[in-house]
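Before any comments, here is the structure.
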There are 2 protein chains.
Amino acid sequence: MKKLHLLVITSAIAPVGFGKTGGAEITLNSMIEALVTLGGCEVTVLAPEGSVDNHRCVKLETTQGNLQPSMQNSQYLDAMQVTCNDMTLSLISRAFEIQDKYDAIINMSYDFFPMWCSRFFKTPLLHIVSMCSTTAYMDAIICQIYKENPQSLTFHTLGQSATYGINDFIAPIYAGFNHKKYKFHKNPDQCLIWAGRISPEKGIEDALEASRILCMPIKIVGLVEDEDYKLSLLHKFQDVSISWLGYMDHCEFVQEIGNAQAMISTPKWREAMGIVNIEANLAGIPVITYDSGGISEVVVSGVTGYVASKETPASIAGYFEKSVALNRQEIRDFAKKRFSIEAFYQRLCKWISHTVS
Amino acid sequence: MKKLHLLVITSAIAPVGFGKTGGAEITLNSMIEALVTLGGCEVTVLAPEGSVDNHRCVKLETTQGNLQPSMQNSQYLDAMQVTCNDMTLSLISRAFEIQDKYDAIINMSYDFFPMWCSRFFKTPLLHIVSMCSTTAYMDAIICQIYKENPQSLTFHTLGQSATYGINDFIAPIYAGFNHKKYKFHKNPDQCLIWAGRISPEKGIEDALEASRILCMPIKIVGLVEDEDYKLSLLHKFQDVSISWLGYMDHCEFVQEIGNAQAMISTPKWREAMGIVNIEANLAGIPVITYDSGGISEVVVSGVTGYVASKETPASIAGYFEKSVALNRQEIRDFAKKRFSIEAFYQRLCKWISHTVS
């Protein structure tokens with residue numbers, strides 16, 4: 001692939017640079033790393049006002065508007081929420097204005113209008129769908145775009161695309177990282193670890209319950225998105241030894257993520273991929289997880305952790321011994337093959353090249 | 001103005017050809033007549049599926065989608081209602097696809113997205129704003145378009161533009177008709193007449209109350225949009241002699257509209273113009289009306305009727321004697337000068353020519 005000039009539209013939920021969009025921002029960062037350092041692309045990030053460029057290898061373009069609520073807790077038949085000054089509309093409008101400078105535009109905002117507006121663009125507008133099916137209107141526009149121009153759209157996993165009723169999609173983009181960044185812990189702490197946004201759909205209570213069953217301390221890493229939820233957990237799990245590590249800068253995060261016996265992943269919603277599971281495996285730590293959305297494509301049972309047979313804390317706890325018996329170096333090596341930054345770059349190239357040569 | 005190829009986008013509320021959008025459809029028809037018969041333009045009407053071409057002088061292009069609710073009863077802070085299969089989105093999307101065939105596109109759909117999408121079009125997209133201020137988001141987009149490209153937008157009256165806080169707009173488009181179509185009644189029926197959609201914002205109860213005060217029968221002409229509202233009127237005004245004439249084909253309507261002593265107009269909402277008042281005056285009948293939105297620019301007090309000093313049925317009734325004393329031929333002649341189809345065509349030309357030469 002030639003060295004492209006790319007515009008990347010970020011989520012309209014929050015400015016980038018502060019970890020507020022969780023996995024979406026991690027994906028953004030790894031994609032930028034792949035495209036810039038491996039592909040020599042020139043990348044401009046179009047993001048909400050207040051965003052910060054932590055990369056120093058991209059141009060940052062910002063627009064004003066009302067930040068959007070996240071769709072993670074939407075009900076399927078929820079009505080579309082649009083205001084006249086929506087950040088989503090602002091982002092797509094700005095992208096339209098500056099489109100001529102770019103070979104392609106990659107939209108990472110999970111919203112109706114960036115997709116619906118594809119028809120208006122001269123410069124190819126590509127979409128990375130970041131969530132499993134949320135609402136009827138998102139299903140409709142995603143299926144429409146996929147039908148009209150299947151190459152313009154990609155998903156993180158097959159399990160994710162299937163939630164839209166799309167069963168002929170075969171090239172998931174996953175994600176990828178430089179494994180060297182992730183500290184390998186030969187003698188990790190005698191505890192469990194959980195990482196993600198502190199928010200009810202992430203099901204932290206199940207991880208804490210597993211910790212209770214195993215009589216093992218647990219580290220909780222992540223931005224507190226829902227303070228009441230955290231308080232309710234504190235109240236309910238007073239007997240569990242919890243280390244609340246809070247939001248970690250990614251440089252700290254990569255040092256810490258492998259420093260436990262096993263990572264626990266117990267989402268109550270359908271995870272598109274569970275990017276943190278990839279990062280955990282790259283650090284060599286086994287992941288014990290519920291089978292949700294695309295997670296089981298990322299965590300290979302018996303190789304890089306275990307996908308629990310039931311969605312219960314007891315089931316998670318039941319896989320602990322098997323998980324710690326896995327060879328951590330082999331976990332890391334296996335993850336490296338699939339989720340290296342190079343592998344991710346190759347997948348990105350293949351996807352983008354269908355549209356831009 | 002040269003003979004243009006024009007695409008006219010109609011309201012997304014209902015198919016055209018059945019009078020369901022009231023004044024909007026009358027405006028559409030008079031505009032088509034002006035542009036086609038006087039201007040020699042080729043006009044394509046883009047309208048919801050199920051529309052019927054009553055003109056036989058235009059091409060009809062239809063699209064599928066969910067018909068939109070009307071905004072006539074919106075609250076100012078109402079949220080925008082959008083579904084993935086909205087007729088509005090369908091219309092604007094189709095217009096985008098076929099834009100290259102036209103010199104200009106005239107949008108008559110009072111909606112956010114046809115305006116917001118202006119930025120995406122190569123072919124000039126012009127807007128006739130058909131209502132007074134309804135919601136905050138419509139105010140915002142109308143003011144934005146007016147600021148960015150004032151010539152691309154027109155209003156029916158100055159009073160209407162003022163409801164958007166726009167006070168430097170000086171060229172209202174009004175409407176216009178061939179006065180010969182409107183039957184002049186030298187000896188009209190001894191009654192009042194009211195015409196419009198049968199819907200609460202039209203304030204028919206006040207017209208009936210005026211009729212009661214004057215002890216004079218009243219004819220009610222128009223599509224019953226709200227059956228419960230009509231029933232409540234029947235119940236409340238059992239002592240008033242009401243002739244319910246129902247929806248009239250425009251050919252019948254022009255015969256009937258002048259056949260009363262005076263027309264009563266008592267809107268409870270802000271009328272952009274009150275197109276029926278123009279038609280009444282062209283038939284020679286005086287109009288007694290509340291001062292609402294742009295009505296007082298159309299009905300000239302003491303010349304073509306009276307604008308009541310108070311918004312009460314008693315005030316309306318108080319102007320009856322003065323109104324019937326006006327010379328009906330003079331009313332007609334005065335209205336002809338301002339609201340002939342030729343005058344309307346000249347205003348349309350002037351407006352369109354700012355953008356398309």
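Each chain in the structure tokens gets a letter, A, B, ..., in the order shown, and its residues are numbered from 1; ligands are numbered from 1 in order too.
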| query | Which residues, written as a list in words, have at least one atom at most 10 Å from B:Thr163, with only C-alpha atoms counted and residues fewer than 2 positions away on the same chain left out? | reply |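 Near neighbours after the sequence-gap exclusion: Met131, Cys132, Ser133, Thr134, Asp139, Leu158, Gly159, Gln160, Ser161, Gly165, Ile166, Asn167, Arg270, Ala272, Gly293 and Gly294 of chain B.
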| Contact residues around stretch 186-200 of chain A with only C-alpha atoms at 8 Å, ignoring same-chain residues under 6 positions, as number ranges by chain | A: 22, 207, 211, 216-226, 229-230, 257-265, 268, 276, 328
| message | I'd like the contact shell of stretch 12-14 of chain B - 12 Å cut-off, only C-alpha atoms, skipping same-chain residues fewer than 5 positions apart - returned as a ChimeraX atom specification. | response | /B:19-22,24-25,46-52,62-72,85-92,107-114
| Residue neighbourhood B:Ile213, 10 Å, only C-alpha atoms, exclusion window fewer than 2 positions, as a list in words |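 The residues that qualify are Ala207, Leu208, Glu209, Ala210, Ser211, Cys215, Met216, Val240, Pro313, Ala314, Ile316, Ala317 and Gly318 of chain B.
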| query | Can you list, as JSON, numbers by chain, every residue of stretch 40-271 of chain A that DSSP puts in alpha helix (DSSP H)? | reply | {"A": [87, 88, 89, 90, 91, 92, 93, 94, 95, 96, 97, 98, 112, 113, 114, 115, 116, 136, 137, 138, 139, 140, 141, 142, 143, 144, 145, 146, 147, 148, 158, 159, 160, 161, 162, 204, 205, 206, 207, 208, 209, 210, 211, 212, 213, 214, 227, 228, 229, 230, 231, 232, 233, 234, 235, 236, 250, 251, 252, 253, 254, 255, 256]}
| request: Name the residues in contact with A:Gln99 at a cut-off of 10 Å, using only C-alpha atoms, excluding same-chain residues fewer than 4 positions from it; report them as a VMD selection string. | output: chain A and resid 6 to 7 93 to 95 103 to 105 121 to 125
Written selection (all heavy atoms) as a short mmCIF file (atom, residue, chain, number, x, y, z; two decimals), in the first residue's frame:
```cif
data_model
loop_
_atom_site.label_atom_id
_atom_site.label_comp_id
_atom_site.auth_asym_id
_atom_site.auth_seq_id
_atom_site.Cartn_x
_atom_site.Cartn_y
_atom_site.Cartn_z
N LEU A 6 -4.49 10.03 5.35
CA LEU A 6 -5.74 9.53 5.91
C LEU A 6 -6.30 10.47 6.96
O LEU A 6 -5.57 11.07 7.74
CB LEU A 6 -5.49 8.16 6.57
CG LEU A 6 -5.04 7.04 5.63
CD1 LEU A 6 -4.56 5.83 6.43
CD2 LEU A 6 -6.17 6.65 4.68
N LEU A 7 -7.62 10.57 6.93
CA LEU A 7 -8.32 11.32 7.98
C LEU A 7 -9.06 10.29 8.83
O LEU A 7 -9.80 9.46 8.30
CB LEU A 7 -9.32 12.30 7.35
CG LEU A 7 -10.12 13.16 8.34
CD1 LEU A 7 -9.22 14.14 9.08
CD2 LEU A 7 -11.24 13.91 7.61
N SER A 93 -19.49 16.88 9.15
CA SER A 93 -19.53 18.09 8.34
C SER A 93 -18.12 18.61 8.07
O SER A 93 -17.77 18.99 6.95
CB SER A 93 -20.38 19.13 9.08
OG SER A 93 -20.47 20.30 8.36
N ARG A 94 -17.30 18.61 9.10
CA ARG A 94 -15.91 19.06 8.96
C ARG A 94 -15.14 18.11 8.04
O ARG A 94 -14.35 18.54 7.20
CB ARG A 94 -15.24 19.12 10.33
CG ARG A 94 -13.84 19.67 10.32
CD ARG A 94 -13.82 21.18 10.37
NE ARG A 94 -12.47 21.70 10.20
CZ ARG A 94 -12.07 22.38 9.12
NH1 ARG A 94 -12.92 22.65 8.15
NH2 ARG A 94 -10.83 22.81 9.02
N ALA A 95 -15.38 16.83 8.20
CA ALA A 95 -14.71 15.84 7.35
C ALA A 95 -15.06 16.09 5.89
O ALA A 95 -14.20 16.01 5.01
CB ALA A 95 -15.13 14.42 7.75
N ASP A 103 -6.69 10.68 0.95
CA ASP A 103 -6.96 9.56 0.04
C ASP A 103 -8.16 8.76 0.53
O ASP A 103 -8.88 8.15 -0.26
CB ASP A 103 -5.74 8.63 -0.02
CG ASP A 103 -4.52 9.34 -0.57
OD1 ASP A 103 -4.62 9.90 -1.68
OD2 ASP A 103 -3.48 9.37 0.12
N ALA A 104 -8.35 8.76 1.84
CA ALA A 104 -9.50 8.05 2.41
C ALA A 104 -9.77 8.59 3.80
O ALA A 104 -8.89 9.20 4.43
CB ALA A 104 -9.24 6.54 2.47
N ILE A 105 -10.99 8.37 4.25
CA ILE A 105 -11.39 8.78 5.59
C ILE A 105 -11.82 7.52 6.34
O ILE A 105 -12.58 6.72 5.80
CB ILE A 105 -12.56 9.79 5.52
CG1 ILE A 105 -12.15 11.01 4.69
CG2 ILE A 105 -13.00 10.21 6.93
CD1 ILE A 105 -13.32 11.91 4.31
N PHE A 121 -19.96 11.76 0.12
CA PHE A 121 -18.51 11.98 0.03
C PHE A 121 -17.92 11.55 -1.31
O PHE A 121 -18.29 10.53 -1.86
CB PHE A 121 -17.80 11.24 1.17
CG PHE A 121 -17.87 11.97 2.49
CD1 PHE A 121 -19.07 12.06 3.18
CD2 PHE A 121 -16.75 12.57 3.03
CE1 PHE A 121 -19.15 12.75 4.39
CE2 PHE A 121 -16.81 13.25 4.24
CZ PHE A 121 -18.01 13.34 4.92
N LYS A 122 -16.96 12.36 -1.78
CA LYS A 122 -16.18 11.97 -2.95
C LYS A 122 -15.02 11.09 -2.51
O LYS A 122 -14.70 10.09 -3.12
CB LYS A 122 -15.62 13.22 -3.65
CG LYS A 122 -16.45 13.74 -4.79
CD LYS A 122 -15.77 14.94 -5.44
CE LYS A 122 -15.55 16.06 -4.43
NZ LYS A 122 -14.77 17.19 -4.94
N THR A 123 -14.35 11.53 -1.44
CA THR A 123 -13.26 10.75 -0.88
C THR A 123 -13.86 9.53 -0.19
O THR A 123 -14.83 9.66 0.55
CB THR A 123 -12.48 11.60 0.15
OG1 THR A 123 -11.98 12.75 -0.52
CG2 THR A 123 -11.34 10.82 0.77
N PRO A 124 -13.29 8.34 -0.42
CA PRO A 124 -13.87 7.14 0.20
C PRO A 124 -13.97 7.28 1.72
O PRO A 124 -13.01 7.70 2.37
CB PRO A 124 -12.89 6.03 -0.18
CG PRO A 124 -12.21 6.53 -1.41
CD PRO A 124 -12.14 8.02 -1.28
N LEU A 125 -15.13 6.95 2.22
CA LEU A 125 -15.38 7.02 3.67
C LEU A 125 -15.56 5.58 4.17
O LEU A 125 -16.50 4.90 3.78
CB LEU A 125 -16.63 7.87 3.93
CG LEU A 125 -17.12 8.04 5.37
CD1 LEU A 125 -16.02 8.53 6.29
CD2 LEU A 125 -18.30 9.01 5.41
#
```
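Restricting the calculation to only C-alpha atoms, the smallest distance between A:Ser232 and any of A:Glu279, A:Glu330, A:Asp53, A:Glu205 is found for A:Glu205.
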| task | Could you please select, counting only C-alpha atoms, the residues of chain A within 10 Å of chain B and state them as a PyMOL selection string? | result | chain A and resi 78-85+89+93+96-97+112-113+116-117+119-121+136-141
| Which residue, B:Ser118, B:Gln75, B:Ile204, B:Phe344, has the smallest gap to B:Leu234 when you use only C-alpha atoms? | B:Ile204
| task | Extract the full set of strand (DSSP E) residues from stretch 42-175 of chain B according to DSSP on the backbone, and format it as number ranges by chain. | result | B: 42-48, 59-63, 80-82, 104-107, 125-129, 153-155
Please write the residues from the selection above to a file, keeping N, CA and C atoms, as a compact mmCIF listing (two decimals), in the first residue's frame.
```txt
# COMPACT_ATOMS: atom_id res chain seq x y z
N GLU B 42 -38.64 23.29 -16.75
CA GLU B 42 -39.00 21.87 -16.62
C GLU B 42 -38.89 21.51 -15.16
N VAL B 43 -40.00 21.10 -14.58
CA VAL B 43 -40.03 20.84 -13.15
C VAL B 43 -40.25 19.36 -12.87
N THR B 44 -39.40 18.82 -12.01
CA THR B 44 -39.63 17.47 -11.49
C THR B 44 -39.99 17.60 -10.02
N VAL B 45 -41.05 16.94 -9.62
CA VAL B 45 -41.46 16.98 -8.22
C VAL B 45 -41.00 15.68 -7.55
N LEU B 46 -40.22 15.84 -6.49
CA LEU B 46 -39.74 14.68 -5.73
C LEU B 46 -40.58 14.60 -4.46
N ALA B 47 -41.34 13.53 -4.34
CA ALA B 47 -42.37 13.47 -3.29
C ALA B 47 -42.48 12.06 -2.72
N PRO B 48 -43.14 11.93 -1.58
CA PRO B 48 -43.32 10.60 -1.00
C PRO B 48 -44.09 9.65 -1.92
N LYS B 59 -42.75 16.20 -14.07
CA LYS B 59 -42.38 14.80 -13.86
C LYS B 59 -42.49 14.53 -12.37
N LEU B 60 -42.92 13.34 -12.05
CA LEU B 60 -43.05 12.99 -10.64
C LEU B 60 -42.04 11.90 -10.31
N GLU B 61 -41.29 12.13 -9.27
CA GLU B 61 -40.28 11.16 -8.81
C GLU B 61 -40.64 10.86 -7.36
N THR B 62 -40.76 9.59 -7.00
CA THR B 62 -41.15 9.31 -5.62
C THR B 62 -40.13 8.42 -4.92
N THR B 63 -40.13 8.50 -3.59
CA THR B 63 -39.25 7.65 -2.79
C THR B 63 -40.04 7.04 -1.64
N MET B 80 -35.38 16.36 18.32
CA MET B 80 -35.54 16.01 16.92
C MET B 80 -35.95 14.55 16.82
N GLN B 81 -36.92 14.27 15.99
CA GLN B 81 -37.33 12.88 15.79
C GLN B 81 -36.81 12.39 14.45
N VAL B 82 -35.95 11.41 14.49
CA VAL B 82 -35.42 10.85 13.25
C VAL B 82 -35.45 9.34 13.38
N ALA B 104 -31.17 23.72 -10.38
CA ALA B 104 -31.33 24.04 -8.96
C ALA B 104 -32.38 23.11 -8.36
N ILE B 105 -32.31 23.00 -7.05
CA ILE B 105 -33.28 22.18 -6.31
C ILE B 105 -33.99 23.11 -5.33
N ILE B 106 -35.31 23.05 -5.32
CA ILE B 106 -36.07 23.86 -4.36
C ILE B 106 -36.69 22.93 -3.33
N ASN B 107 -36.26 23.09 -2.09
CA ASN B 107 -36.77 22.25 -1.02
C ASN B 107 -37.94 22.92 -0.32
N LEU B 125 -29.05 24.17 -3.68
CA LEU B 125 -30.24 23.68 -2.96
C LEU B 125 -30.86 24.88 -2.25
N LEU B 126 -32.06 25.25 -2.70
CA LEU B 126 -32.77 26.41 -2.15
C LEU B 126 -33.90 25.93 -1.25
N HIS B 127 -34.27 26.77 -0.31
CA HIS B 127 -35.29 26.35 0.65
C HIS B 127 -36.40 27.39 0.77
N ILE B 128 -37.63 26.95 0.63
CA ILE B 128 -38.77 27.81 0.98
C ILE B 128 -39.22 27.38 2.37
N VAL B 129 -39.03 28.26 3.35
CA VAL B 129 -39.42 27.93 4.72
C VAL B 129 -40.93 28.12 4.83
N LEU B 153 -32.35 30.88 0.79
CA LEU B 153 -33.49 30.61 1.66
C LEU B 153 -34.51 31.74 1.51
N THR B 154 -35.78 31.39 1.46
CA THR B 154 -36.78 32.46 1.45
C THR B 154 -37.92 32.12 2.40
N PHE B 155 -38.63 33.17 2.79
CA PHE B 155 -39.79 33.02 3.67
C PHE B 155 -41.02 33.55 2.93
```
| message | For a test of reading the model, state the distance in Å between atom CA of A:Cys41 and atom CA of A:His156, rounded to one decimal. | response | 21.5 Å
| message | As an exercise, work out the distance from atom CA of A:Phe339 to atom CA of A:His5 in Å and give it to one decimal place. | response |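 Answer for the atom CA of A:Phe339 to atom CA of A:His5 separation: 24.4 Å.
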| said: If we count only C-alpha atoms and set the cut-off at 8 Å, which residues sit around B:Pro267, ignoring sequence neighbours fewer than 3 positions away in its own chain? Please answer as a count of residues only. | reply: 8
| task | Could you tell me which of A:Thr289, A:Gln144, A:Ser301, A:Cys349 comes closest to A:Gly40 if we count only C-alpha atoms? | result |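 Of A:Thr289, A:Gln144, A:Ser301, A:Cys349, the one nearest A:Gly40 is A:Cys349, counting only C-alpha atoms.
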